[in-house]
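Engineer: Could you have a look at this structure, given as structure tokens, before my questions?
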Amino acid sequence: MASYLKMPKLSDTMSEGTLVKWLKKPGDPVAVDEDIAEVETDKATMTMPSFEEGVLHTIYVKEGETVALGAALALILSEGEEPPAEAGKAPGGETTAGSPAPKPEAPAATPAVAVAAASAPASATVAAPASARLKASPLARKIAKEKGVDLARVAGSGPGGRIVKKDVENAPATGGGGGSLGLLPAAAAKPDLSVPLTGMRRVIAARLLESKTTIPHFYLNIEIDTEPLMSLREQVNAASTANGGPKYTVNDFIMRATVLATGSVPEVNGSFQGDSILYHGETHLSVAVAIEDGLVTPVIRSAQSKSIRELAVELKELAVRARDKKLTPNEMTGGTITLSNLGAFGIGHFDAIINPPQAAILAIGTITKQPVVNAQNQIVPGQRMWIGMSCDHRVIDGAVGARFLSELKRFLETPVLLVS
Amino acid sequence: MASYDLIVIGGGPAGYVGAIRAAQLGKKVACIENDRAGGTCLNWGCIPTKALIKNADLYLTMRDKAAEFGLSFDNLGYDWSKVIGRSRGVSDKLAGGIEFLFKKNKVDYLRGIGSLAGSSPSGGNKVTVTDAEGKTEAHDAKHVLLATGCKARDLPFLKFDGKRVLNARDAMTLPEQPKEMLIIGAGAIGVEFAYFYNAFGTKVTLVEMMDHLLPVEDTDVSVALEKSFKKQGIHFLLATKTTAAAVTDGGVELTVEPAKGGESVVLKGDVCLVAVGVGAILPGGADKLELTDRGYVKTNDRYQTNLPGVSAAGDLIGPPWLAHVASFEAIHAVESMFDPKHKSKKVDVFPGCTYCHPEVASVGLTERACKEKGIAVKIGKFPFQASGRALASGDPEGFVKLIYGEKYGELLGAHIIGAEATELIAEMGLAITLEATYEELENTIHAHPTLSEAIHEATSDAFGHAIHL
């Protein structure tokens, strides 16, 4: 019987989808689970399987068009079936009964964890969009890496602007600070450029606007003495690498400290639900990872039961796949508290925007050497790091947040607790 | 009298390709050809000789390898006129194909001799066509592309006569098979004819001035080919120059001596093929055309000659004299003509193929050239003797030799000798054009069992991790 293929919900924050490419054309037979189109959601580009068997009769949505969840994409008929009278046009934007499309302003009413677990289609595959690819030959890339040339600043002379060997050989190195700027040819005036939003940029815009305008944020900061942490890290890494184990980053220790502090002050691990507050039984740690054209927050699930080693390995693996745009939607949803670390960029301290429906986000700054006053009232060289915390005041009061940060400080300044 | 955007003089791989490209760009085009569409390549070069080579391959397989494959038959023989006839038939068929392409692309095909005849009142060039009956017609052309090609060069003491002293064109249409053949020059042409005639039982002697057969190829490849030719019974004298010749009623006598000097020897044969190189064929009215010191038409980066509105492409602008290079040049010449923004490319990387058995194919730099340029390299080699597919086919002769830059691991040169080498080389050309490094080659899965696995293994060998060596 005639059935309409509709824009499915491929991730729990998805409210609309862009039809990237039809993999079938009218007249083609389709089988259940056979890939029929590529759809870009807010998170990734996925292939969409058909839920019906039959023949693709009419396509209603052109490649590149964005439509709401549940909108009819195409008409599928059984073999030999006559099309219904109204086959020429798409039926109204009805949504599938039983699964209303959530608007981006309203996070799913059920706990995010449960939603994520149930909603990811098993057959979804994630493809990396090709648009932002820098075209350069393998040899050009190798030479650029060795010479410290930033390929983004090199004009390619090959076919389609591809950067080839001689372009890189003629380019000045850009590594090593601003001094090289003088070597660049006088910058030509560049025209303004209007770039359409990608699905990811759209979801960042919607969710962070919602967060910053509807959540009453307040901000706390605490200074951490990182000397004990740095010296312990040195010992741990020496021992670990001697046995062929991994090297731990400062961030790995902070992840573990965050999880332990959340255990001490579980009130921060909650979500505001309108007429209730949901306190999560487990800590699912979201970690912000910057990628080529945006930001994703992969989630380390049940982080409270993981050792620093397990946390480190899992984050490393998630970050690699995040940069390759290979994360599945359920690996990016269901976190209960978020960690954002800009220390590597030399940022001293900053305030982050809460990642709803969570109630807190931590903002980690860089470690600096500075004069400090020791217990003997002497000024000595020391190492310090600032951690900021943004809290949803509907869930977390000032004193609760402060208790959490002081627990975090205690763990980081007694770092042996992190590895025991 | 007609007026054209472009008149192409010459209908070979440069001329017909340039004419069709211009027609695709919406231009009004004529192509003048005095002989047969398709030029030397299709009528008197690449194609008919490949037909002959296939005959030789088949005959040798049946004669020498049938027993190995468990096949037996009596009275294996051949009919020489049919061997030659099949080759001519293939050319005829393809020449007809080019005329069809002209029609399809609305290119006017003018039969006759094309000549430059000064500038036209409209500011372009005048071109005349003189047909077989001597009737001359003049046309106007905004642009002219010279693609008249080259013809074989003879020696001062050994002039072509078509009977005893042969060029390649004569050698591929001999009505009777000679018993003994002398060949001067062991480049691709000399080597291919040596293989072909030897296969059918002619006693062949090759004379080459340089130290090796196929002297432009990597020396390892030349040495391997020399071993194989010796086994096949082909005689060759390397580092030997021909100093004198005599043509008699009974045949040809060559006086040869070591290139470095020494005692001379006289060689005798029924016929002598002279394959020492080619010289440019200039169209009529070309006296003001600037030439290089070796007599080829001089062109700039956009394939323009010194005459306004006149460009040139193909063999007549100098080596390499290869059909695929000529076509490439013609496309760039035509695009440069009609699109001032076109980034014209001169030929730098091109494959070279020789279709004897074992086949020889190469692209990029030889090991010798890398040494001369002082480039540090890593070299990998894989013999077909270790290839499952080659053994299964009963043809394990030869090897793949790949040359990578030491510092960045980019592919610099590929040299293949063995069955299907000329087909295998395409991947190597793509790799060099894309500036691929050994990592891309190694990360490309090559199907098993194929000869192409040897490319993968030679790559691994260059970096010390070949599996099957």
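Going by the structure tokens order, chains are called A, B, ..., each with residues numbered from 1, while ligands are numbered from 1 in the order shown.
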Hey, list the chain A side of the contact with chain B: 12 Å cut-off, only C-alpha atoms, answer as a PyMOL selection string.
Structural biologist: chain A and resi 135-147+157-166
Engineer: Mind dumping the selected residues with N, CA and C atoms as a PDB file, in the first residue's frame?
Structural biologist:
```pdb
ATOM      1  N   LYS A 135      42.217  21.183  -0.075  1.00  0.00           N
ATOM      2  CA  LYS A 135      42.761  20.365  -1.162  1.00  0.00           C
ATOM      3  C   LYS A 135      44.269  20.558  -1.270  1.00  0.00           C
ATOM      4  N   ALA A 136      45.017  19.532  -0.954  1.00  0.00           N
ATOM      5  CA  ALA A 136      46.474  19.603  -1.044  1.00  0.00           C
ATOM      6  C   ALA A 136      47.000  18.218  -1.331  1.00  0.00           C
ATOM      7  N   SER A 137      48.078  18.132  -2.104  1.00  0.00           N
ATOM      8  CA  SER A 137      48.620  16.821  -2.433  1.00  0.00           C
ATOM      9  C   SER A 137      49.313  16.244  -1.203  1.00  0.00           C
ATOM     10  N   PRO A 138      49.405  14.916  -1.144  1.00  0.00           N
ATOM     11  CA  PRO A 138      50.085  14.294   0.007  1.00  0.00           C
ATOM     12  C   PRO A 138      51.503  14.828   0.188  1.00  0.00           C
ATOM     13  N   LEU A 139      52.213  15.024  -0.930  1.00  0.00           N
ATOM     14  CA  LEU A 139      53.579  15.533  -0.826  1.00  0.00           C
ATOM     15  C   LEU A 139      53.574  16.961  -0.284  1.00  0.00           C
ATOM     16  N   ALA A 140      52.631  17.785  -0.770  1.00  0.00           N
ATOM     17  CA  ALA A 140      52.545  19.165  -0.281  1.00  0.00           C
ATOM     18  C   ALA A 140      52.286  19.175   1.226  1.00  0.00           C
ATOM     19  N   ARG A 141      51.422  18.261   1.694  1.00  0.00           N
ATOM     20  CA  ARG A 141      51.124  18.212   3.128  1.00  0.00           C
ATOM     21  C   ARG A 141      52.370  17.869   3.941  1.00  0.00           C
ATOM     22  N   LYS A 142      53.147  16.909   3.430  1.00  0.00           N
ATOM     23  CA  LYS A 142      54.348  16.512   4.173  1.00  0.00           C
ATOM     24  C   LYS A 142      55.356  17.651   4.241  1.00  0.00           C
ATOM     25  N   ILE A 143      55.561  18.317   3.102  1.00  0.00           N
ATOM     26  CA  ILE A 143      56.539  19.404   3.086  1.00  0.00           C
ATOM     27  C   ILE A 143      56.054  20.534   3.997  1.00  0.00           C
ATOM     28  N   ALA A 144      54.747  20.819   3.942  1.00  0.00           N
ATOM     29  CA  ALA A 144      54.194  21.904   4.764  1.00  0.00           C
ATOM     30  C   ALA A 144      54.415  21.614   6.238  1.00  0.00           C
ATOM     31  N   LYS A 145      54.203  20.348   6.608  1.00  0.00           N
ATOM     32  CA  LYS A 145      54.351  19.966   8.007  1.00  0.00           C
ATOM     33  C   LYS A 145      55.800  20.186   8.443  1.00  0.00           C
ATOM     34  N   GLU A 146      56.716  19.787   7.577  1.00  0.00           N
ATOM     35  CA  GLU A 146      58.123  19.897   7.945  1.00  0.00           C
ATOM     36  C   GLU A 146      58.577  21.349   7.981  1.00  0.00           C
ATOM     37  N   LYS A 147      58.102  22.136   7.025  1.00  0.00           N
ATOM     38  CA  LYS A 147      58.533  23.532   6.961  1.00  0.00           C
ATOM     39  C   LYS A 147      57.733  24.435   7.899  1.00  0.00           C
ATOM     40  N   SER A 157      47.947  26.057  -6.937  1.00  0.00           N
ATOM     41  CA  SER A 157      48.006  26.288  -8.384  1.00  0.00           C
ATOM     42  C   SER A 157      47.569  25.066  -9.174  1.00  0.00           C
ATOM     43  N   GLY A 158      47.240  23.981  -8.485  1.00  0.00           N
ATOM     44  CA  GLY A 158      46.830  22.761  -9.181  1.00  0.00           C
ATOM     45  C   GLY A 158      45.379  22.849  -9.641  1.00  0.00           C
ATOM     46  N   PRO A 159      44.874  21.743 -10.243  1.00  0.00           N
ATOM     47  CA  PRO A 159      43.486  21.740 -10.710  1.00  0.00           C
ATOM     48  C   PRO A 159      42.531  22.047  -9.565  1.00  0.00           C
ATOM     49  N   GLY A 160      41.593  22.955  -9.771  1.00  0.00           N
ATOM     50  CA  GLY A 160      40.617  23.290  -8.740  1.00  0.00           C
ATOM     51  C   GLY A 160      41.252  23.910  -7.513  1.00  0.00           C
ATOM     52  N   GLY A 161      42.401  24.571  -7.673  1.00  0.00           N
ATOM     53  CA  GLY A 161      43.022  25.241  -6.531  1.00  0.00           C
ATOM     54  C   GLY A 161      43.744  24.298  -5.597  1.00  0.00           C
ATOM     55  N   ARG A 162      44.040  23.082  -6.089  1.00  0.00           N
ATOM     56  CA  ARG A 162      44.729  22.104  -5.251  1.00  0.00           C
ATOM     57  C   ARG A 162      46.146  22.587  -4.962  1.00  0.00           C
ATOM     58  N   ILE A 163      46.564  22.475  -3.707  1.00  0.00           N
ATOM     59  CA  ILE A 163      47.902  22.909  -3.325  1.00  0.00           C
ATOM     60  C   ILE A 163      48.882  21.799  -3.676  1.00  0.00           C
ATOM     61  N   VAL A 164      49.896  22.126  -4.478  1.00  0.00           N
ATOM     62  CA  VAL A 164      50.887  21.129  -4.877  1.00  0.00           C
ATOM     63  C   VAL A 164      52.263  21.542  -4.359  1.00  0.00           C
ATOM     64  N   LYS A 165      53.223  20.643  -4.598  1.00  0.00           N
ATOM     65  CA  LYS A 165      54.564  20.797  -4.036  1.00  0.00           C
ATOM     66  C   LYS A 165      55.119  22.211  -4.204  1.00  0.00           C
ATOM     67  N   LYS A 166      55.062  22.745  -5.440  1.00  0.00           N
ATOM     68  CA  LYS A 166      55.764  24.010  -5.662  1.00  0.00           C
ATOM     69  C   LYS A 166      55.091  25.169  -4.925  1.00  0.00           C
TER      70      LYS A 166
END
```
Engineer: Which polymer residues have any atom within 6 Å of an atom of Ala414 in chain B, counting only C-alpha atoms, with same-chain residues fewer than 6 positions away left out, as a list in words?
Structural biologist: Ser362, Val363, Lys401 and Leu402 of chain B
Engineer: Which distance in Å separates CA of Lys6 in chain A and CA of Ala68 in chain A, to one decimal?
Structural biologist: 9.5 Å
Engineer: Using only C-alpha atoms, which residue out of B:Thr148, B:Thr248, B:Thr242, B:Ser387 lies closest to Ala330 in chain B?
Structural biologist: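 Checking each candidate against Ala330 in chain B, we get B:Thr148 as the closest.
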Engineer: Report as a list in words all protein, DNA and RNA residues lying within 12 Å of Arg384 in chain A, evaluated on only C-alpha atoms, omitting residues in the same chain fewer than 6 positions from it.
Structural biologist: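 Here the answer would be Ile222, Glu223, Ile224, Asp225, Thr226, Glu227, Pro228, Leu229, Met230, Gly343, Gly348, His349, Ile364, Gly365, Thr366, Ile367, Thr368, Lys369, Gln370, Pro371, Val372, Val373, Lys409, Leu412 and Glu413 of chain A.
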Engineer: Please, could you write that set of residues out with C-alpha atoms as a compact mmCIF listing (two decimals), in the first residue's frame?
Structural biologist:
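Dumped everything to again.txt:
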```txt
# COMPACT_ATOMS: atom_id res chain seq x y z
CA ILE A 222 38.63 28.90 42.46
CA GLU A 223 42.42 28.89 42.32
CA ILE A 224 44.21 25.55 42.49
CA ASP A 225 47.79 24.94 43.57
CA THR A 226 48.92 22.55 40.86
CA GLU A 227 52.41 21.80 42.16
CA PRO A 228 51.45 18.52 43.82
CA LEU A 229 49.47 17.52 40.73
CA MET A 230 52.32 18.28 38.35
CA GLY A 343 44.24 25.76 29.09
CA GLY A 348 43.74 32.11 32.27
CA HIS A 349 40.11 31.83 33.26
CA ILE A 364 39.53 25.00 33.07
CA GLY A 365 42.26 27.58 32.55
CA THR A 366 45.96 27.26 31.92
CA ILE A 367 48.62 26.46 34.53
CA THR A 368 50.94 29.40 35.12
CA LYS A 369 54.11 29.82 37.12
CA GLN A 370 53.79 32.76 39.51
CA PRO A 371 55.08 34.09 42.79
CA VAL A 372 53.07 32.68 45.69
CA VAL A 373 53.19 33.15 49.47
CA LYS A 409 40.31 21.72 44.87
CA LEU A 412 43.41 18.23 42.75
CA GLU A 413 45.72 19.41 45.53
```
Engineer: Need to verify the contact set: range 309-315 of chain B, 10 Å, only C-alpha atoms, exclusion of same-chain residues closer than 4 positions in sequence. Can you return it as a ChimeraX atom specification?
Structural biologist: /B:6-10,12-15,18,116,119,123-125,141-151,278-281,289,296-300,302-305,319-334,336-337
Engineer: Can you tell me, as a PyMOL selection string, which residues in range 210-328 of chain A count as alpha helix (DSSP H) by DSSP?
Structural biologist: chain A and resi 210-214+227-242+250-264+308-323
Engineer: Rounded to one decimal in Å, what is the spacing between CA of Ala51 in chain B and CA of Val90 in chain B?
Structural biologist: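 Going from CA of Ala51 in chain B over to CA of Val90 in chain B, I get 7.4 Å.
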Engineer: What does the distance from CA of Thr297 in chain A to CA of Met332 in chain A come to in Å, to one decimal?
Structural biologist: 5.7 Å
Engineer: List the neighbours of Ala421 in chain B out to 12 Å using only C-alpha atoms; skip same-chain residues closer than 4 positions along the sequence, and give me the result as an NGL selection string.
Structural biologist: :B and (221 or 351-363 or 384 or 390 or 395 or 397-401 or 414-417 or 425-428 or 451-452 or 454-455)
Engineer: Which residues are near Lys28 in chain B? Cut-off 12 Å, only C-alpha atoms, ignore same chain within fewer than 4 positions. Put them as an mmCIF file with N, CA and C atoms, in the first residue's frame.
Structural biologist:
```
data_model
loop_
_atom_site.group_PDB
_atom_site.id
_atom_site.type_symbol
_atom_site.label_atom_id
_atom_site.label_comp_id
_atom_site.auth_asym_id
_atom_site.auth_seq_id
_atom_site.Cartn_x
_atom_site.Cartn_y
_atom_site.Cartn_z
ATOM 1 N N ALA B 2 36.559 29.770 -47.340
ATOM 2 C CA ALA B 2 35.710 29.835 -46.146
ATOM 3 C C ALA B 2 36.523 30.474 -45.033
ATOM 4 N N SER B 3 35.832 30.882 -43.995
ATOM 5 C CA SER B 3 36.586 31.482 -42.910
ATOM 6 C C SER B 3 36.322 30.725 -41.613
ATOM 7 N N TYR B 4 37.408 30.439 -40.917
ATOM 8 C CA TYR B 4 37.338 29.560 -39.737
ATOM 9 C C TYR B 4 37.928 30.253 -38.506
ATOM 10 N N ASP B 5 37.472 29.798 -37.340
ATOM 11 C CA ASP B 5 38.139 30.223 -36.105
ATOM 12 C C ASP B 5 39.496 29.538 -36.007
ATOM 13 N N LEU B 6 39.541 28.291 -36.470
ATOM 14 C CA LEU B 6 40.791 27.531 -36.370
ATOM 15 C C LEU B 6 40.926 26.595 -37.560
ATOM 16 N N ILE B 7 42.093 26.628 -38.174
ATOM 17 C CA ILE B 7 42.436 25.585 -39.149
ATOM 18 C C ILE B 7 43.613 24.804 -38.573
ATOM 19 N N VAL B 8 43.446 23.498 -38.518
ATOM 20 C CA VAL B 8 44.513 22.629 -38.037
ATOM 21 C C VAL B 8 45.153 21.984 -39.259
ATOM 22 N N ALA B 19 41.513 19.757 -33.115
ATOM 23 C CA ALA B 19 40.358 20.201 -33.893
ATOM 24 C C ALA B 19 39.052 19.906 -33.157
ATOM 25 N N ILE B 20 38.954 18.711 -32.604
ATOM 26 C CA ILE B 20 37.710 18.340 -31.920
ATOM 27 C C ILE B 20 37.540 19.170 -30.638
ATOM 28 N N ARG B 21 38.651 19.411 -29.915
ATOM 29 C CA ARG B 21 38.542 20.214 -28.695
ATOM 30 C C ARG B 21 38.022 21.614 -29.028
ATOM 31 N N ALA B 22 38.553 22.208 -30.111
ATOM 32 C CA ALA B 22 38.109 23.547 -30.491
ATOM 33 C C ALA B 22 36.629 23.518 -30.874
ATOM 34 N N ALA B 23 36.210 22.453 -31.576
ATOM 35 C CA ALA B 23 34.799 22.337 -31.943
ATOM 36 C C ALA B 23 33.931 22.229 -30.700
ATOM 37 N N GLN B 24 34.426 21.510 -29.704
ATOM 38 C CA GLN B 24 33.668 21.398 -28.446
ATOM 39 C C GLN B 24 33.504 22.764 -27.792
ATOM 40 N N PHE B 102 34.997 13.609 -36.709
ATOM 41 C CA PHE B 102 34.978 14.935 -37.339
ATOM 42 C C PHE B 102 33.542 15.326 -37.682
ATOM 43 N N ASN B 105 31.426 16.139 -34.631
ATOM 44 C CA ASN B 105 31.759 17.410 -33.989
ATOM 45 C C ASN B 105 31.736 18.588 -34.963
ATOM 46 N N LYS B 106 31.245 18.337 -36.184
ATOM 47 C CA LYS B 106 31.120 19.380 -37.213
ATOM 48 C C LYS B 106 32.463 20.042 -37.534
ATOM 49 N N VAL B 107 33.501 19.233 -37.599
ATOM 50 C CA VAL B 107 34.802 19.715 -38.056
ATOM 51 C C VAL B 107 34.879 19.441 -39.553
ATOM 52 N N ASP B 108 35.213 20.491 -40.361
ATOM 53 C CA ASP B 108 35.371 20.275 -41.804
ATOM 54 C C ASP B 108 36.684 19.542 -42.040
ATOM 55 N N TYR B 109 36.596 18.403 -42.726
ATOM 56 C CA TYR B 109 37.773 17.590 -42.984
ATOM 57 C C TYR B 109 38.213 17.863 -44.413
ATOM 58 N N ASP B 140 40.446 31.473 -44.763
ATOM 59 C CA ASP B 140 40.856 32.396 -43.702
ATOM 60 C C ASP B 140 40.790 31.684 -42.356
ATOM 61 N N ALA B 141 41.771 31.951 -41.506
ATOM 62 C CA ALA B 141 41.725 31.338 -40.169
ATOM 63 C C ALA B 141 42.184 32.355 -39.136
ATOM 64 N N LYS B 142 41.368 32.546 -38.091
ATOM 65 C CA LYS B 142 41.813 33.421 -37.001
ATOM 66 C C LYS B 142 43.036 32.802 -36.327
ATOM 67 N N HIS B 143 42.991 31.477 -36.184
ATOM 68 C CA HIS B 143 44.115 30.763 -35.569
ATOM 69 C C HIS B 143 44.495 29.572 -36.440
ATOM 70 N N PHE B 338 41.900 30.032 -27.126
ATOM 71 C CA PHE B 338 40.552 30.580 -27.011
ATOM 72 C C PHE B 338 40.218 31.042 -25.602
#
```
Engineer: I want to know what sits within 10 Å of Ala194 in chain B, based on only C-alpha atoms, with residues of the same chain fewer than 4 positions away left out; could you give that as a list in words?
Structural biologist: Met181, Leu182, Ile183, Ala186, Ala188, Ile189, Gly190, Asn198, Ala199, Thr202, Lys203, Val204, Thr205, Leu206, Phe229, Ile234, His235, Phe236, Leu273 and Cys356 of chain B
Engineer: Using N, CA and C atoms, can you write the selected residues to a file as a short mmCIF file (atom, residue, chain, number, x, y, z; two decimals), in the first residue's frame?
Structural biologist:
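File produced: out.cif:
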```cif
data_model
loop_
_atom_site.label_atom_id
_atom_site.label_comp_id
_atom_site.auth_asym_id
_atom_site.auth_seq_id
_atom_site.Cartn_x
_atom_site.Cartn_y
_atom_site.Cartn_z
N MET B 181 67.46 -9.52 -41.03
CA MET B 181 67.15 -8.09 -40.94
C MET B 181 68.17 -7.42 -40.05
N LEU B 182 68.68 -6.27 -40.52
CA LEU B 182 69.55 -5.44 -39.67
C LEU B 182 68.70 -4.27 -39.19
N ILE B 183 68.89 -3.89 -37.94
CA ILE B 183 68.14 -2.73 -37.42
C ILE B 183 69.15 -1.78 -36.79
N ALA B 186 68.24 1.10 -31.21
CA ALA B 186 67.51 0.20 -30.30
C ALA B 186 66.61 0.99 -29.37
N ALA B 188 62.48 2.41 -28.92
CA ALA B 188 61.24 1.63 -28.91
C ALA B 188 60.95 1.01 -30.28
N ILE B 189 61.15 1.79 -31.36
CA ILE B 189 60.79 1.26 -32.69
C ILE B 189 61.69 0.09 -33.06
N GLY B 190 63.02 0.28 -32.92
CA GLY B 190 63.95 -0.78 -33.27
C GLY B 190 63.69 -2.04 -32.46
N ASN B 198 61.91 -11.39 -35.16
CA ASN B 198 62.56 -12.56 -34.57
C ASN B 198 61.53 -13.64 -34.22
N ALA B 199 60.37 -13.18 -33.72
CA ALA B 199 59.33 -14.15 -33.34
C ALA B 199 58.94 -15.02 -34.54
N THR B 202 62.78 -14.50 -38.52
CA THR B 202 63.79 -13.71 -39.22
C THR B 202 65.00 -13.59 -38.31
N LYS B 203 66.19 -13.70 -38.87
CA LYS B 203 67.40 -13.50 -38.06
C LYS B 203 67.63 -12.00 -37.93
N VAL B 204 67.56 -11.50 -36.70
CA VAL B 204 67.60 -10.06 -36.47
C VAL B 204 68.90 -9.67 -35.78
N THR B 205 69.53 -8.57 -36.26
CA THR B 205 70.68 -8.00 -35.56
C THR B 205 70.42 -6.52 -35.32
N LEU B 206 70.45 -6.13 -34.05
CA LEU B 206 70.21 -4.73 -33.66
C LEU B 206 71.56 -4.05 -33.43
N PHE B 229 66.20 -10.75 -24.49
CA PHE B 229 66.40 -10.79 -25.93
C PHE B 229 67.44 -11.86 -26.31
N ILE B 234 67.71 -12.95 -30.21
CA ILE B 234 67.89 -11.70 -30.96
C ILE B 234 69.34 -11.24 -30.76
N HIS B 235 70.01 -10.96 -31.85
CA HIS B 235 71.40 -10.49 -31.73
C HIS B 235 71.40 -8.99 -31.56
N PHE B 236 72.30 -8.49 -30.76
CA PHE B 236 72.43 -7.03 -30.69
C PHE B 236 73.87 -6.65 -30.39
N LEU B 273 66.45 -1.85 -41.34
CA LEU B 273 65.51 -0.86 -40.82
C LEU B 273 66.34 0.23 -40.12
N CYS B 356 57.49 -4.79 -26.79
CA CYS B 356 58.05 -6.09 -27.08
C CYS B 356 57.62 -7.03 -25.94
#
```
Engineer: Which residue is closest to Asp92 in chain B? Choose from B:Trp80, B:Trp44, B:Tyr16, B:Phe350 and count only C-alpha atoms.
Structural biologist: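 Looking only at the distances to Asp92 in chain B, the closest residue turns out to be B:Trp44.
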Engineer: Quick check for you: according to DSSP on this backbone, which residues of range 115-364 of chain A are classed as strand (DSSP E or B)? Reply as an NGL selection string.
Structural biologist: :A and (126-127 or 136 or 163 or 217-225 or 270-272 or 277-279 or 285-287 or 289-291 or 294-296 or 299-300 or 337-341 or 360-364)
Engineer: Would you mind exporting C-alpha atoms of the selected residues as a JSON list (two decimals), in the first residue's frame?
Structural biologist:
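out.json was written with the following content:
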```json
[["chain", "number", "residue", "atom", "x", "y", "z"],
["A", 126, "VAL", "CA", 27.90, 8.85, 9.86],
["A", 127, "ALA", "CA", 29.68, 10.43, 6.94],
["A", 136, "ALA", "CA", 46.47, 19.60, -1.04],
["A", 163, "ILE", "CA", 47.90, 22.91, -3.33],
["A", 217, "HIS", "CA", 23.59, 31.38, 35.32],
["A", 218, "PHE", "CA", 25.90, 32.34, 38.14],
["A", 219, "TYR", "CA", 29.65, 31.97, 38.16],
["A", 220, "LEU", "CA", 32.25, 30.83, 40.72],
["A", 221, "ASN", "CA", 36.03, 30.71, 40.44],
["A", 222, "ILE", "CA", 38.63, 28.90, 42.46],
["A", 223, "GLU", "CA", 42.42, 28.89, 42.32],
["A", 224, "ILE", "CA", 44.21, 25.55, 42.49],
["A", 225, "ASP", "CA", 47.79, 24.94, 43.57],
["A", 270, "GLY", "CA", 21.03, 17.40, 38.36],
["A", 271, "SER", "CA", 18.63, 18.68, 35.71],
["A", 272, "PHE", "CA", 15.86, 21.25, 36.09],
["A", 277, "ILE", "CA", 14.65, 18.44, 39.73],
["A", 278, "LEU", "CA", 16.09, 15.19, 38.48],
["A", 279, "TYR", "CA", 19.22, 14.13, 40.36],
["A", 285, "LEU", "CA", 30.85, 13.32, 31.87],
["A", 286, "SER", "CA", 30.56, 15.52, 28.76],
["A", 287, "VAL", "CA", 33.88, 16.85, 27.49],
["A", 289, "VAL", "CA", 36.04, 18.98, 21.96],
["A", 290, "ALA", "CA", 36.75, 21.64, 19.36],
["A", 291, "ILE", "CA", 36.52, 20.29, 15.83],
["A", 294, "GLY", "CA", 32.36, 23.70, 15.50],
["A", 295, "LEU", "CA", 32.23, 21.97, 18.81],
["A", 296, "VAL", "CA", 30.95, 18.65, 20.07],
["A", 299, "VAL", "CA", 30.09, 11.74, 26.73],
["A", 300, "ILE", "CA", 32.00, 9.34, 28.93],
["A", 337, "ILE", "CA", 27.98, 17.64, 33.74],
["A", 338, "THR", "CA", 30.43, 19.20, 31.28],
["A", 339, "LEU", "CA", 34.14, 19.95, 31.31],
["A", 340, "SER", "CA", 35.57, 22.63, 29.00],
["A", 341, "ASN", "CA", 39.33, 23.13, 28.98],
["A", 360, "ALA", "CA", 26.82, 22.89, 35.69],
["A", 361, "ILE", "CA", 29.83, 23.31, 33.45],
["A", 362, "LEU", "CA", 33.47, 23.62, 34.50],
["A", 363, "ALA", "CA", 35.88, 25.98, 32.72],
["A", 364, "ILE", "CA", 39.53, 25.00, 33.07]]
```
